[in-house]
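Enquirer: This is the structure I have questions about; it appears just below.
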Amino acid sequence: MSAKFKVKNVKAVRTKSKSTRKAKVSNEMVGGVSMGHHSCCDRRDGAVEGIQEAGADLSDLFCQLKNPVVAAKLVRAIRCRNRKIVEELIGANCQVVCFFHQGRFACVRIACTFGNCCDVRITFDICVSQGNCRNVF
């Protein structure tokens, strides 16, 4: 079954100037996002600041793990499921969500919040091979 429609009195609508039909391109583009200053963009974005804070804090955390004593302490804490030690090592912005096993690995899930209003949450797992809780090497 098909329907036929007749359309009458349809007019093409034109804008007053051609420039209104074209997208405006700013010279201030970063990753496809305009960095121009509009009323909605003048406010600070807590998520951007939170990501920057996360980058600095997590970079410091993983830099500390270059120290073999700190790394051994973290491995032992994960294997022994010692929440207190893991949280001491990972810093104030982060907390242990849970411990779990994945195959032959002992794992800890860590959640970190950053920004003035906790605008950013990063969750990650650290897994180490299972071994005796007291023996690291």
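Order determines the names: the first chain of the structure tokens is A, the second B, and so forth; residues in each chain are numbered 1 upward, and ligands are numbered 1 upward as they are shown.
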Can you tell me which residues surround Ile51 (chain A) at a distance of at most 12 Å, considering only C-alpha atoms, apart from same-chain residues fewer than 3 positions away, and format the answer as a list of chain:residue names?
Expert: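 The contact residues come out as A:Asp45, A:Gly46, A:Ala47, A:Val48, A:Ala54, A:Gly55, A:Ala56, A:Asp57, A:Leu58, A:Ser59, A:Cys112, A:Thr113, A:Phe114, A:Gly115, A:Asn116, A:Cys118, A:Asp119, A:Val120, A:Arg121, A:Ile122.
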Enquirer: Mind checking which residues fall within 12 Å of region 77-93 of chain A, counting only C-alpha atoms, ignoring those fewer than 2 positions away in the same chain, and posting them as a VMD selection string?
Expert: chain A and resid 50 53 to 54 56 to 65 69 to 75 95 to 101 104 to 116 118 120 to 136
